[in-house]
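Engineer: Got a structure for you, my_file_39.cif, holding mmCIF, C-alpha atoms.
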```cif
data_run
loop_
_atom_site.label_atom_id
_atom_site.label_comp_id
_atom_site.auth_asym_id
_atom_site.auth_seq_id
_atom_site.Cartn_x
_atom_site.Cartn_y
_atom_site.Cartn_z
CA MET A 267 17.28 -5.96 -10.53
CA ARG A 268 15.16 -2.84 -10.95
CA GLU A 269 13.53 -1.31 -7.88
CA SER A 270 10.10 -1.52 -9.52
CA THR A 271 10.53 -5.27 -10.05
CA LEU A 272 11.58 -5.73 -6.42
CA GLN A 273 8.51 -3.76 -5.33
CA LEU A 274 6.27 -5.94 -7.52
CA ILE A 275 7.78 -9.03 -5.87
CA ASN A 276 7.06 -7.35 -2.54
CA TYR A 277 3.35 -7.08 -3.45
CA VAL A 278 3.25 -10.79 -4.28
CA MET A 279 5.01 -11.58 -1.01
CA ILE A 280 2.51 -9.45 0.92
CA LEU A 281 -0.40 -11.41 -0.54
CA ALA A 282 1.33 -14.72 0.21
CA LEU A 283 2.13 -13.49 3.71
CA LEU A 284 -1.48 -12.45 4.42
CA VAL A 285 -2.86 -15.83 3.37
CA THR A 286 -0.22 -18.02 5.02
CA LEU A 287 -0.09 -15.97 8.22
CA VAL A 288 -3.84 -16.30 8.72
CA LEU A 289 -3.59 -20.07 8.16
CA HIS A 290 -0.51 -20.32 10.41
CA LEU A 291 -2.22 -18.48 13.27
CA ALA A 292 -5.43 -20.47 12.78
CA MET A 293 -3.45 -23.72 13.01
CA GLN A 294 -1.91 -22.55 16.30
CA ALA A 295 -5.19 -21.31 17.68
CA PHE A 296 -8.04 -23.60 16.74
CA LEU A 297 -7.41 -25.87 13.74
CA GLY A 298 -6.60 -29.20 15.35
CA VAL A 299 -5.21 -27.62 18.53
CA SER A 300 -7.31 -27.31 21.67
CA GLY A 301 -5.50 -24.42 23.36
CA TYR A 302 -2.47 -22.20 23.86
CA GLU A 303 -0.58 -24.69 26.04
CA GLU A 304 -1.10 -27.50 23.54
CA ALA A 305 0.02 -25.28 20.66
CA LEU A 306 3.39 -24.82 22.38
CA ALA A 307 3.86 -28.48 23.30
CA TYR A 308 6.88 -30.22 21.74
CA ASP A 309 4.79 -32.98 20.12
CA THR A 310 2.46 -30.42 18.49
CA ALA A 311 5.41 -28.42 17.18
CA VAL A 312 7.13 -31.50 15.75
CA ALA A 313 3.89 -32.73 14.17
CA ARG A 314 3.51 -29.32 12.50
CA TYR A 315 6.91 -29.69 10.82
CA ARG A 316 6.45 -33.37 9.87
CA GLU A 317 3.15 -32.81 8.05
CA PRO A 318 4.00 -31.97 4.39
CA LEU A 319 1.20 -29.43 3.88
CA SER A 320 2.00 -27.62 7.11
CA ALA A 321 5.76 -27.66 6.35
CA SER A 322 5.08 -26.20 2.88
CA LEU A 323 2.93 -23.50 4.45
CA LEU A 324 5.72 -22.65 6.90
CA THR A 325 8.24 -22.45 4.04
CA ILE A 326 6.06 -20.04 2.04
CA LEU A 327 5.45 -18.00 5.20
CA LEU A 328 9.17 -17.89 5.94
CA VAL A 329 10.12 -16.70 2.45
CA ALA A 330 7.30 -14.13 2.26
CA ALA A 331 7.83 -12.72 5.77
CA THR A 332 11.60 -12.52 5.38
CA TYR A 333 11.44 -10.81 1.98
CA HIS A 334 8.75 -8.33 3.06
CA GLY A 335 10.48 -7.61 6.39
CA VAL A 336 13.93 -7.12 4.95
CA TRP A 337 12.58 -5.03 2.05
CA GLY A 338 10.70 -2.83 4.53
CA LEU A 339 13.76 -2.43 6.75
CA ARG A 340 15.81 -1.45 3.69
CA ASN A 341 13.26 1.22 2.80
CA VAL A 342 13.25 2.60 6.36
CA LEU A 343 17.06 2.66 6.49
CA LEU A 344 17.33 4.31 3.07
CA GLY A 345 15.28 7.15 4.56
CA VAL A 346 17.82 7.73 7.33
CA ARG A 347 20.57 9.10 5.10
CA ALA A 348 21.17 9.75 1.44
CA GLY A 349 24.05 8.78 -0.83
CA PRO A 350 25.19 5.85 -2.94
CA ALA A 351 27.62 4.50 -0.30
CA TRP A 352 24.86 4.40 2.34
CA GLY A 353 22.53 2.78 -0.18
CA ARG A 354 25.04 0.05 -0.97
CA ALA A 355 25.77 -0.55 2.71
CA VAL A 356 22.06 -0.81 3.57
CA THR A 357 21.39 -3.17 0.67
CA GLY A 358 24.35 -5.34 1.68
CA VAL A 359 23.40 -5.51 5.36
CA THR A 360 19.73 -6.25 4.69
CA LEU A 361 20.70 -8.88 2.11
CA VAL A 362 22.93 -10.66 4.64
CA LEU A 363 20.19 -10.42 7.28
CA GLY A 364 17.69 -11.94 4.85
CA ILE A 365 20.04 -14.79 3.91
CA VAL A 366 20.74 -15.57 7.59
CA MET A 367 17.02 -15.61 8.48
CA LEU A 368 16.09 -17.64 5.44
CA GLY A 369 18.97 -20.06 5.95
CA TRP A 370 18.16 -20.65 9.60
CA GLY A 371 14.45 -21.05 8.95
CA VAL A 372 14.95 -23.50 6.07
CA ARG A 373 17.46 -25.46 8.20
CA THR A 374 14.85 -25.81 10.95
CA ILE A 375 12.11 -26.89 8.54
CA VAL A 376 14.33 -29.42 6.73
CA LEU A 377 15.80 -30.93 9.91
CA ALA A 378 12.44 -31.13 11.68
CA PHE A 379 10.72 -32.54 8.59
CA ALA A 380 13.44 -35.17 8.19
CA GLY A 381 13.00 -36.12 11.83
CA ALA A 382 16.26 -34.89 13.35
CA MET B 291 27.77 47.14 -6.42
CA VAL B 292 25.56 45.21 -4.08
CA GLU B 293 27.43 43.05 -1.67
CA GLY B 294 26.14 39.55 -1.42
CA LEU B 295 25.43 37.96 1.90
CA VAL B 296 27.72 35.03 2.29
CA SER B 297 27.45 32.82 5.33
CA THR B 298 30.62 31.17 6.54
CA GLU B 299 28.68 28.83 8.83
CA LYS B 300 28.12 25.28 7.78
CA ALA B 301 24.59 24.53 6.67
CA ARG B 302 22.74 22.84 9.49
CA GLY B 303 20.61 19.83 8.86
CA PRO B 304 17.51 18.95 10.82
CA GLU B 305 18.18 18.74 14.55
CA GLY B 306 18.13 15.52 16.51
CA GLY B 307 18.60 11.94 15.51
CA PHE B 308 16.57 9.94 13.03
CA VAL B 309 14.05 8.73 15.60
CA GLY B 310 13.57 12.23 17.08
CA ARG B 311 13.03 13.69 13.62
CA GLN B 312 10.47 11.01 12.77
CA VAL B 313 8.55 11.61 16.01
CA ARG B 314 8.55 15.41 15.50
CA TRP B 315 7.47 14.93 11.88
CA ALA B 316 4.60 12.61 12.83
CA LEU B 317 3.32 14.88 15.61
CA ARG B 318 3.91 18.25 13.94
CA LYS B 319 0.78 20.37 13.53
CA PRO B 320 -1.46 20.25 11.65
CA MET B 321 -1.99 16.70 12.85
CA ASN B 322 -2.53 14.31 10.01
CA LEU B 323 -3.86 10.78 10.43
CA GLU B 324 -1.93 9.59 7.40
CA LYS B 325 1.39 10.71 8.89
CA LEU B 326 0.58 9.00 12.19
CA ALA B 327 -0.44 5.84 10.34
CA LEU B 328 2.86 5.81 8.44
CA ALA B 329 4.82 6.29 11.67
CA VAL B 330 2.94 3.43 13.39
CA GLN B 331 3.31 1.29 10.25
CA ARG B 332 7.09 1.76 10.29
CA VAL B 333 7.47 1.18 14.02
CA SER B 334 5.26 -1.92 13.95
CA GLY B 335 7.08 -3.19 10.85
CA VAL B 336 10.52 -2.93 12.45
CA GLY B 337 9.12 -4.46 15.66
CA LEU B 338 7.65 -7.38 13.73
CA LEU B 339 10.95 -7.97 11.92
CA VAL B 340 12.77 -8.07 15.28
CA TYR B 341 10.12 -10.53 16.53
CA LEU B 342 10.45 -12.68 13.38
CA PHE B 343 14.23 -12.79 13.80
CA PHE B 344 13.96 -14.13 17.36
CA HIS B 345 10.93 -16.30 16.53
CA LEU B 346 13.02 -18.15 13.93
CA PHE B 347 15.72 -18.93 16.48
CA VAL B 348 13.17 -19.88 19.17
CA THR B 349 11.33 -22.28 16.86
CA GLY B 350 14.71 -23.56 15.66
CA SER B 351 15.14 -25.17 19.07
CA VAL B 352 12.68 -27.86 17.92
CA THR B 353 15.65 -29.53 16.23
CA SER B 354 17.50 -29.88 19.54
CA GLY B 355 14.94 -32.29 20.96
CA ARG B 356 12.31 -32.21 23.68
CA GLU B 357 14.69 -30.90 26.38
CA GLY B 358 15.89 -28.02 24.23
CA TRP B 359 12.34 -27.06 23.20
CA ASP B 360 10.93 -27.26 26.73
CA GLY B 361 13.88 -25.23 28.05
CA VAL B 362 13.25 -22.39 25.59
CA MET B 363 9.47 -22.48 26.18
CA GLY B 364 10.05 -22.40 29.94
CA MET B 365 12.31 -19.38 29.52
CA LEU B 366 9.60 -17.59 27.52
CA SER B 367 6.68 -18.34 29.84
CA ASN B 368 6.92 -15.11 31.82
CA PRO B 369 4.73 -11.98 31.92
CA LEU B 370 7.24 -9.84 30.01
CA ALA B 371 7.30 -12.27 27.07
CA HIS B 372 3.49 -12.45 27.16
CA ILE B 373 3.25 -8.65 26.99
CA GLY B 374 5.59 -8.81 23.98
CA GLU B 375 3.35 -11.42 22.36
CA VAL B 376 0.25 -9.25 22.87
CA LEU B 377 2.07 -6.29 21.32
CA VAL B 378 3.11 -8.50 18.38
CA VAL B 379 -0.50 -9.58 17.79
CA ALA B 380 -1.76 -5.98 17.95
CA GLY B 381 1.13 -4.68 15.82
CA ALA B 382 0.69 -7.41 13.20
CA THR B 383 -3.05 -6.76 12.95
CA PHE B 384 -2.63 -3.01 12.52
CA HIS B 385 0.30 -3.46 10.12
CA GLY B 386 -1.66 -5.95 8.02
CA VAL B 387 -4.90 -4.01 7.71
CA ASN B 388 -3.19 -0.65 7.26
CA GLY B 389 -0.86 -2.30 4.75
CA VAL B 390 -3.87 -3.35 2.69
CA ARG B 391 -4.96 0.32 2.74
CA VAL B 392 -1.55 1.40 1.46
CA MET B 393 -1.62 -1.26 -1.26
CA LEU B 394 -5.10 -0.18 -2.37
CA LEU B 395 -3.84 3.39 -2.36
CA GLU B 396 -0.93 2.52 -4.62
CA LEU B 397 -2.71 0.11 -6.95
CA THR B 398 -6.32 1.36 -7.17
CA ALA B 399 -8.27 4.61 -7.44
CA LEU B 400 -8.71 4.84 -3.66
CA VAL B 401 -6.42 7.88 -3.57
CA GLY B 402 -9.21 9.95 -5.16
CA LYS B 403 -9.16 12.63 -7.83
CA PRO B 404 -6.74 15.56 -7.64
CA VAL B 405 -8.32 18.96 -6.92
CA ARG B 406 -6.94 22.50 -6.82
CA PRO B 407 -5.35 23.26 -3.44
CA ASP B 408 -7.40 26.22 -2.22
CA TYR B 409 -6.90 27.93 1.13
CA PRO B 410 -7.62 26.77 3.85
CA TYR B 411 -5.75 23.66 2.78
CA LYS B 412 -7.20 20.31 3.71
CA VAL B 413 -5.52 16.94 3.51
CA GLN B 414 -7.04 15.51 0.37
CA SER B 415 -5.32 12.17 0.18
CA LEU B 416 -7.04 10.67 3.23
CA GLY B 417 -10.57 10.27 1.90
CA LYS B 418 -13.49 8.56 3.59
CA GLY B 419 -12.65 5.13 2.16
CA GLN B 420 -9.11 5.31 3.47
CA GLN B 421 -10.17 6.72 6.82
CA SER B 422 -12.61 3.86 7.35
CA ILE B 423 -9.86 1.30 6.61
CA LEU B 424 -7.52 3.11 8.98
CA TRP B 425 -10.07 3.11 11.80
CA THR B 426 -10.85 -0.55 11.05
CA ALA B 427 -7.13 -1.30 11.43
CA THR B 428 -7.02 0.50 14.77
CA ILE B 429 -10.17 -1.21 16.10
CA MET B 430 -9.00 -4.63 14.89
CA ALA B 431 -5.61 -4.11 16.54
CA GLY B 432 -7.41 -3.28 19.80
CA LEU B 433 -9.63 -6.36 19.50
CA ALA B 434 -6.62 -8.56 18.68
CA MET B 435 -4.90 -7.21 21.78
CA ILE B 436 -7.92 -8.11 23.93
CA ALA B 437 -8.05 -11.59 22.34
CA GLY B 438 -4.34 -12.03 23.05
CA ILE B 439 -4.81 -11.04 26.70
CA VAL B 440 -7.75 -13.47 27.04
CA ILE B 441 -5.74 -16.35 25.49
CA LEU B 442 -2.53 -15.69 27.44
CA TRP B 443 -3.98 -14.84 30.84
CA GLY B 444 -7.34 -16.56 30.55
CA LEU B 445 -9.24 -13.48 31.69
#
```
Please express what this file holds, its structure, as structure tokens.

Structural biologist:
Amino acid sequence: MRESTLQLINYVMILALLVTLVLHLAMQAFLGVSGYEEALAYDTAVARYREPLSASLLTILLVAATYHGVWGLRNVLLGVRAGPAWGRAVTGVTLVLGIVMLGWGVRTIVLAFAGA
Amino acid sequence: MVEGLVSTEKARGPEGGFVGRQVRWALRKPMNLEKLALAVQRVSGVGLLVYLFFHLFVTGSVTSGREGWDGVMGMLSNPLAHIGEVLVVAGATFHGVNGVRVMLLELTALVGKPVRPDYPYKVQSLGKGQQSILWTATIMAGLAMIAGIVILWGL
């Protein structure tokens, strides 16, 4: 895929990230939760995953944050050294990192949503 | 015949490691807010990615039941973790607001019109609109930090 297309996707992910992150933090802080301790309670955390709207929000947040983070890390690492071999290595490593993060996050959401 | 000067020494690259070079570049005179903002944006971005990585594994403990979750939360309820959380809140706020500035810079006319570079040279890319967003990002990061301290320590 062309770099310009990946950057365009990054812009979309940034917008999704801004919206979902604000909602995510608001849900931890004041929307339906009375305080910091309650936000970290097991029952509150499980309820967050079992509620379809909240689980969807977490999934969008996960995809957007992972893409934006891994894309940013790739850009920083590409600035460290030059050369096609370095570029391929960086792309490979960041791709694996992204897949691991996405895989683990989706696993958590699916298992918690299903009630495991 | 004019003899050419040929050096047998290997060409030297910039001294120091990547981090050292970045720090020297960001702080080199003349100081430039845009350079500093980029350096902070990169550092906060990498920091947030590291946080996200661990956050995913911490929240993943919800699948191991109440004992697993409470164990991880107990491990993280210490002052060092709280300081990390405050830094994450401040870093995320700055990164977000400054990121909006960078997006506006890339996608809109916020960058301003090009003018002839006359001596003494002034940084022309960081106009008033951008500067105000940058200062907003810094102030908001400071306020977010205070809010984080109030929530975590109840001050």

Engineer: For this structure, which residues satisfy the selection - the PyMOL selection byres ((chain A) within 6 of (chain B)) - when it is evaluated on the file as given? I want them as a PyMOL selection string.

Structural biologist: chain A and resi 335+371+374+378

Engineer: Could you tell me how far CA of Tyr341 in chain B sits from CA of Val362 in chain A, in Å to one decimal place?

Structural biologist: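 CA of Tyr341 in chain B lies 17.5 Å from CA of Val362 in chain A.
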
Engineer: Which residue is closest to Glu396 in chain B? Choose from B:Asn368, B:Thr383, B:Thr428, B:Gln420 and count all atoms listed in the file.

Structural biologist: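 Ranking B:Asn368, B:Thr383, B:Thr428, B:Gln420 by distance to Glu396 in chain B, first place goes to B:Gln420.
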
Engineer: With all atoms listed in the file as the basis for distance, which of B:Lys403, B:Ala431, B:Asn388, B:Gly438 is at the shortest distance from Ala327 in chain B?

Structural biologist: B:Asn388

Engineer: Mind telling me what the PyMOL selection byres ((chain A and resi 285) around 12) catches here, as a ChimeraX atom specification?

Structural biologist: /A:278-284,286-292,323-324,326-327,330-331 /B:386

Engineer: To test your reading of the syntax: which residues would the PyMOL selection byres ((chain B and resi 391) around 12) return for the file shown? Reply as a ChimeraX atom specification.

Structural biologist: /B:324,327-328,331,384-390,392-401,416-427

Engineer: Extending 4 Å beyond the listed atoms of range 331-345 of chain B on each side, what axis-aligned box results? I want centre and edge lengths in Å to one decimal, as JSON.

Structural biologist:
```
{"center_x": 8.8, "center_y": -7.3, "center_z": 13.8, "size_x": 18.9, "size_y": 26.1, "size_z": 15.1}
```

Engineer: If I take CA of Val348 in chain B and CA of Leu366 in chain B, how far is one from the other in Å, to one decimal?

Structural biologist: 9.4 Å

Engineer: Just to confirm, what's the straight-line distance from CA of Ala321 in chain A to CA of Trp370 in chain A in Å (one decimal)?

Structural biologist: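 About the pair CA of Ala321 in chain A and CA of Trp370 in chain A: they are 14.6 Å apart.
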